[in-house]
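Data file: input27.csv. Format and content: CSV, C-alpha atoms.
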```csv
chain,number,residue,atom,x,y,z
X,1,MET,CA,57.9,180.1,-30.2
X,2,SER,CA,59.1,182.1,-33.1
X,3,LEU,CA,57.5,181.5,-36.5
X,4,ILE,CA,59.6,179.5,-38.9
X,5,GLU,CA,59.1,178.4,-42.5
X,6,LEU,CA,59.0,174.7,-42.9
X,7,ASN,CA,60.5,172.9,-46.0
X,8,LYS,CA,58.6,170.4,-48.0
X,9,ARG,CA,60.0,167.3,-46.2
X,10,GLN,CA,59.2,168.8,-42.8
X,11,GLU,CA,55.6,169.4,-43.9
X,12,GLU,CA,55.4,165.8,-45.0
X,13,ILE,CA,56.7,164.6,-41.7
X,14,LEU,CA,54.1,166.7,-39.9
X,15,GLN,CA,51.3,165.1,-42.0
X,16,ILE,CA,52.6,161.6,-41.3
X,17,VAL,CA,52.8,162.2,-37.6
X,18,LYS,CA,49.3,163.9,-37.5
X,19,GLY,CA,47.8,160.9,-39.2
X,20,ASN,CA,49.7,158.1,-37.6
X,21,GLY,CA,51.1,159.3,-34.3
X,22,PRO,CA,52.6,158.0,-32.1
X,23,ILE,CA,55.1,156.9,-34.6
X,24,THR,CA,58.8,156.2,-34.4
X,25,GLY,CA,61.5,157.9,-36.4
X,26,GLU,CA,62.3,154.7,-38.2
X,27,GLN,CA,58.7,154.3,-39.3
X,28,ILE,CA,58.6,157.9,-40.5
X,29,ALA,CA,61.8,157.3,-42.5
X,30,GLU,CA,60.4,154.2,-44.0
X,31,ARG,CA,57.3,156.0,-45.2
X,32,LEU,CA,59.5,158.6,-46.9
X,33,HIS,CA,62.0,156.0,-48.2
X,34,LEU,CA,64.8,157.7,-46.4
X,35,THR,CA,67.2,156.7,-43.6
X,36,ARG,CA,66.6,157.6,-40.0
X,37,ALA,CA,69.9,159.6,-40.0
X,38,THR,CA,68.7,161.7,-42.9
X,39,LEU,CA,65.6,162.7,-41.0
X,40,ARG,CA,67.3,163.4,-37.7
X,41,PRO,CA,67.9,167.2,-38.3
X,42,ASP,CA,64.3,167.7,-39.5
X,43,LEU,CA,62.8,165.8,-36.5
X,44,ALA,CA,65.0,167.9,-34.2
X,45,ILE,CA,63.8,171.2,-35.7
X,46,LEU,CA,60.2,170.2,-35.6
X,47,THR,CA,60.5,169.1,-31.9
X,48,MET,CA,62.4,172.2,-30.8
X,49,ALA,CA,59.9,174.4,-32.6
X,50,GLY,CA,57.1,172.8,-30.7
X,51,PHE,CA,55.3,171.1,-33.7
X,52,LEU,CA,56.2,167.6,-32.4
X,53,ASP,CA,56.5,165.9,-29.0
X,54,ALA,CA,58.9,163.0,-28.7
X,55,ARG,CA,58.7,160.3,-26.0
X,56,PRO,CA,61.3,157.6,-25.4
X,57,ARG,CA,60.3,154.2,-26.6
X,58,VAL,CA,57.0,155.5,-27.8
X,59,GLY,CA,57.7,157.9,-30.7
X,60,TYR,CA,56.6,161.2,-32.0
X,61,PHE,CA,53.2,163.0,-31.4
X,62,TYR,CA,51.8,166.0,-33.2
X,63,SER,CA,51.7,168.7,-30.5
X,64,GLY,CA,48.7,170.5,-31.9
X,65,LYS,CA,50.6,173.7,-32.6
X,66,LYS,CA,50.2,175.0,-36.2
X,67,PRO,CA,53.0,176.1,-38.5
X,68,GLY,CA,53.6,179.8,-38.9
X,69,GLN,CA,51.9,180.1,-42.2
X,70,ASP,CA,48.7,178.6,-40.8
X,71,ILE,CA,48.7,181.2,-38.0
X,72,SER,CA,49.2,184.0,-40.5
X,73,GLU,CA,46.4,182.7,-42.6
X,74,THR,CA,44.1,182.5,-39.5
X,75,MET,CA,45.0,186.1,-38.7
X,76,ASN,CA,44.2,187.3,-42.2
X,77,ASN,CA,40.8,185.5,-42.1
X,78,MET,CA,39.7,187.2,-38.9
X,79,LYS,CA,36.9,189.7,-39.7
X,80,VAL,CA,35.8,192.8,-37.9
X,81,GLY,CA,32.3,191.4,-37.6
X,82,ASP,CA,33.5,188.4,-35.6
X,83,PHE,CA,34.8,190.6,-32.7
X,84,GLN,CA,32.9,193.9,-32.9
X,85,SER,CA,30.8,195.0,-29.9
X,86,ILE,CA,27.6,197.0,-29.5
X,87,PRO,CA,27.9,200.7,-30.4
X,88,VAL,CA,27.0,203.5,-28.1
X,89,VAL,CA,25.4,206.3,-30.1
X,90,VAL,CA,24.0,209.7,-29.3
X,91,ARG,CA,22.0,212.2,-31.4
X,92,GLU,CA,23.9,215.3,-32.6
X,93,ASP,CA,21.5,217.6,-30.7
X,94,VAL,CA,22.3,216.0,-27.4
X,95,SER,CA,24.0,218.3,-24.9
X,96,VAL,CA,27.6,217.8,-23.8
X,97,TYR,CA,26.3,217.2,-20.2
X,98,ASP,CA,24.1,214.3,-21.4
X,99,ALA,CA,26.9,212.9,-23.5
X,100,ILE,CA,29.2,212.8,-20.5
X,101,SER,CA,26.5,211.0,-18.5
X,102,GLN,CA,26.0,208.5,-21.3
X,103,MET,CA,29.7,207.8,-21.6
X,104,PHE,CA,30.0,207.0,-17.9
X,105,LEU,CA,26.7,205.0,-17.8
X,106,ASP,CA,27.9,202.8,-20.7
X,107,ASP,CA,31.5,202.7,-19.5
X,108,VAL,CA,32.9,203.5,-23.0
X,109,GLY,CA,35.6,205.9,-24.2
X,110,THR,CA,34.0,206.9,-27.5
X,111,LEU,CA,30.5,207.9,-28.5
X,112,PHE,CA,29.3,207.8,-32.1
X,113,VAL,CA,27.1,210.7,-33.1
X,114,VAL,CA,24.2,210.2,-35.6
X,115,ASP,CA,21.6,212.5,-37.2
X,116,LYS,CA,17.8,212.1,-37.1
X,117,LYS,CA,17.9,209.3,-39.6
X,118,SER,CA,20.6,207.5,-37.6
X,119,PHE,CA,23.4,208.1,-40.0
X,120,LEU,CA,26.9,208.7,-38.7
X,121,THR,CA,27.8,212.4,-38.5
X,122,GLY,CA,30.7,212.4,-36.0
X,123,VAL,CA,32.6,210.9,-33.1
X,124,LEU,CA,33.1,212.1,-29.5
X,125,SER,CA,36.1,211.1,-27.5
X,126,ARG,CA,36.8,211.5,-23.8
X,127,LYS,CA,39.3,214.2,-24.7
X,128,ASP,CA,36.6,216.1,-26.6
X,129,LEU,CA,34.3,216.1,-23.6
X,130,LEU,CA,37.0,216.8,-21.1
X,131,ARG,CA,38.3,219.8,-23.1
X,132,THR,CA,34.8,221.3,-23.3
X,133,SER,CA,34.1,220.7,-19.6
X,134,LEU,CA,37.1,222.8,-18.5
X,135,GLY,CA,36.0,226.4,-17.7
X,136,ASN,CA,32.7,227.9,-16.6
X,137,GLN,CA,30.5,226.9,-19.6
X,138,ASP,CA,27.0,225.5,-19.1
X,139,LEU,CA,27.4,222.0,-20.6
X,140,SER,CA,23.7,221.5,-20.7
X,141,THR,CA,23.4,224.2,-23.4
X,142,ILE,CA,26.2,223.0,-25.7
X,143,PRO,CA,25.1,220.5,-28.3
X,144,VAL,CA,27.7,217.8,-29.1
X,145,HIS,CA,27.7,218.6,-32.8
X,146,ILE,CA,29.7,221.7,-32.0
X,147,ILE,CA,32.7,219.8,-30.4
X,148,MET,CA,32.6,216.4,-32.2
X,149,THR,CA,35.0,215.3,-34.9
X,150,ARG,CA,32.9,215.5,-38.0
X,151,MET,CA,32.6,213.5,-41.2
X,152,PRO,CA,34.5,213.1,-43.4
X,153,ASN,CA,37.3,213.2,-40.8
X,154,VAL,CA,35.9,210.1,-38.9
X,155,THR,CA,37.9,206.9,-39.3
X,156,PHE,CA,35.6,203.9,-39.6
X,157,CYS,CA,35.6,200.2,-40.7
X,158,PHE,CA,33.4,197.6,-42.3
X,159,LYS,CA,32.1,194.4,-40.8
X,160,ASN,CA,33.6,192.1,-43.5
X,161,GLU,CA,37.1,193.7,-43.7
X,162,PRO,CA,40.1,191.9,-42.2
X,163,LEU,CA,40.5,192.6,-38.5
X,164,ILE,CA,44.2,193.2,-38.9
X,165,GLN,CA,43.6,196.1,-41.3
X,166,ALA,CA,41.2,197.8,-38.8
X,167,ALA,CA,43.8,197.2,-36.0
X,168,HIS,CA,46.4,199.0,-38.1
X,169,ARG,CA,44.0,201.9,-38.5
X,170,LEU,CA,43.4,202.2,-34.7
X,171,ILE,CA,47.1,202.3,-34.0
X,172,ASN,CA,48.0,204.6,-36.9
X,173,GLN,CA,45.2,207.1,-36.1
X,174,GLN,CA,45.9,206.9,-32.3
X,175,ILE,CA,42.2,206.4,-31.5
X,176,ASP,CA,40.4,204.2,-29.0
X,177,ALA,CA,37.5,202.9,-31.2
X,178,LEU,CA,36.2,202.7,-34.7
X,179,PRO,CA,32.6,202.7,-35.7
X,180,VAL,CA,31.6,199.6,-37.7
X,181,VAL,CA,29.4,200.8,-40.5
X,182,ILE,CA,27.4,199.7,-43.5
X,183,GLU,CA,27.1,201.9,-46.6
X,184,GLN,CA,23.6,203.1,-47.6
X,185,PRO,CA,22.6,205.6,-50.3
X,186,GLU,CA,22.0,208.3,-47.7
X,187,GLY,CA,25.1,207.7,-45.6
X,188,LEU,CA,26.8,205.4,-43.2
X,189,LYS,CA,24.7,203.4,-40.7
X,190,VAL,CA,26.5,202.4,-37.4
X,191,ILE,CA,26.1,198.7,-36.6
X,192,GLY,CA,29.0,198.1,-34.2
X,193,ARG,CA,32.2,199.4,-32.6
X,194,LEU,CA,35.7,198.0,-32.7
X,195,THR,CA,38.0,198.9,-29.7
X,196,LYS,CA,41.5,198.0,-28.6
X,197,THR,CA,39.8,195.6,-26.2
X,198,ASN,CA,38.2,193.8,-29.1
X,199,ILE,CA,41.5,193.5,-30.8
X,200,THR,CA,43.1,192.1,-27.6
X,201,ARG,CA,40.3,189.5,-27.3
X,202,ALA,CA,40.9,188.5,-30.9
X,203,PHE,CA,44.6,187.8,-30.5
X,204,LEU,CA,44.0,185.9,-27.2
X,205,SER,CA,41.6,183.7,-29.2
X,206,LEU,CA,44.3,183.2,-31.8
X,207,SER,CA,46.9,182.1,-29.1
X,208,GLU,CA,44.4,179.7,-27.6
X,209,SER,CA,43.4,178.1,-30.9
X,210,HIS,CA,47.1,177.7,-32.0
X,211,GLU,CA,48.4,176.9,-28.5
X,212,LEU,CA,51.1,179.6,-28.7
```

Representation of the structure as structure tokens:
Amino acid sequence: MSLIELNKRQEEILQIVKGNGPITGEQIAERLHLTRATLRPDLAILTMAGFLDARPRVGYFYSGKKPGQDISETMNNMKVGDFQSIPVVVREDVSVYDAISQMFLDDVGTLFVVDKKSFLTGVLSRKDLLRTSLGNQDLSTIPVHIIMTRMPNVTFCFKNEPLIQAAHRLINQQIDALPVVIEQPEGLKVIGRLTKTNITRAFLSLSESHEL
């Protein structure tokens, strides 16, 4: 169903059906002080768009699907903190070998690197680790801080910001995950991670709640 913008009368019809359904077209027209013929186009639009169900000799039911503007409002109200997952962090003095092991053990594509006080200092991706592992280097002697993407070049997000903004950031930066952080005087503390899987889960929940 494509999103459409309803006019005032169509919104009024939806409210009447939601509160009184099943209700006939004649009864709706009577409540609006209009003729059944006048309402016929509006009822047809609402039925074809999926907002109303019509049953012969019974009347109209509200289908439970919400208008487009309600869906848009729900999307804008989704927050990062509602869908974030647990972060996987490593210290910046950990070896590349240990970081690779950690990545596979936790089955993640991104590791967040922190200092001794647990403040964010960088990010490690699969590509970073793969690039370093090529060749004859001893990975157990290379600390991750040498190969990681460092602050301030790390893209992050906050728990209370709109999820859709963070989703745009993931796509625009072409990265797999964002650290979710809180600001403190000494730096950024990692409290979660936001991945493309989290985004997918959020939009699946949107489709379920709005019966798309």

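CA of Arg201 (chain X) is positioned 18.5 Å from CA of Thr110 (chain X).
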
What is the distance, in Å and to one decimal place, between CA of Phe158 (chain X) and CA of Phe112 (chain X)? 15.0 Å

Kindly give the distance, in Å, that separates CA of Leu124 (chain X) and CA of Leu204 (chain X), rounded to a single decimal.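 We find that CA of Leu124 (chain X) and CA of Leu204 (chain X) lie 28.5 Å from each other.
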
Nearest to Phe104 (chain X) by atom-to-atom distance, counting only C-alpha atoms, from X:His168, X:Lys8, X:Arg126, X:Lys116: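 With only C-alpha atoms as the atom set, the closest residue is X:Arg126.
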
Need the shell around region 183-196 of chain X: protein/DNA/RNA residues with any atom at most 7 Å away, counting only C-alpha atoms. Skip same-chain ones fewer than 2 positions apart. Format as a list in words? Gln84, Ser85, Ile86, Pro87, Ser118, Phe119, Leu120, Asp176, Ala177, Leu178, Pro179, Val180, Val181, Asn198, Ile199 and Thr200 of chain X

Contacts of Leu32 (chain X) within 9 Å, all atoms listed in the file, excl. fewer than 2 positions in-chain, as a list in words: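 After dropping sequence-adjacent residues, the list is Arg9, Glu12, Ile13, Gln27, Ile28, Ala29, Glu30, Leu34 and Thr35 of chain X.
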
I'd like the contact shell of Met103 (chain X) - 10 Å cut-off, only C-alpha atoms, skipping same-chain residues fewer than 6 positions apart - returned as number ranges by chain. X: 88-90, 109-111, 124-126, 129

My list of candidates is X:Gly59, X:Gly135, X:Gly122, X:Gly81. Which is closest to Thr24 (chain X) when distances are computed with all atoms listed in the file? X:Gly59

For a quick check of your reading of the model, name the residues lying within 12 Å of the coordinate (32.3, 219.5, -28.3), counting all atoms listed in the file, and write them as a ChimeraX atom specification. /X:92-100,111,113,122-134,137,139-150
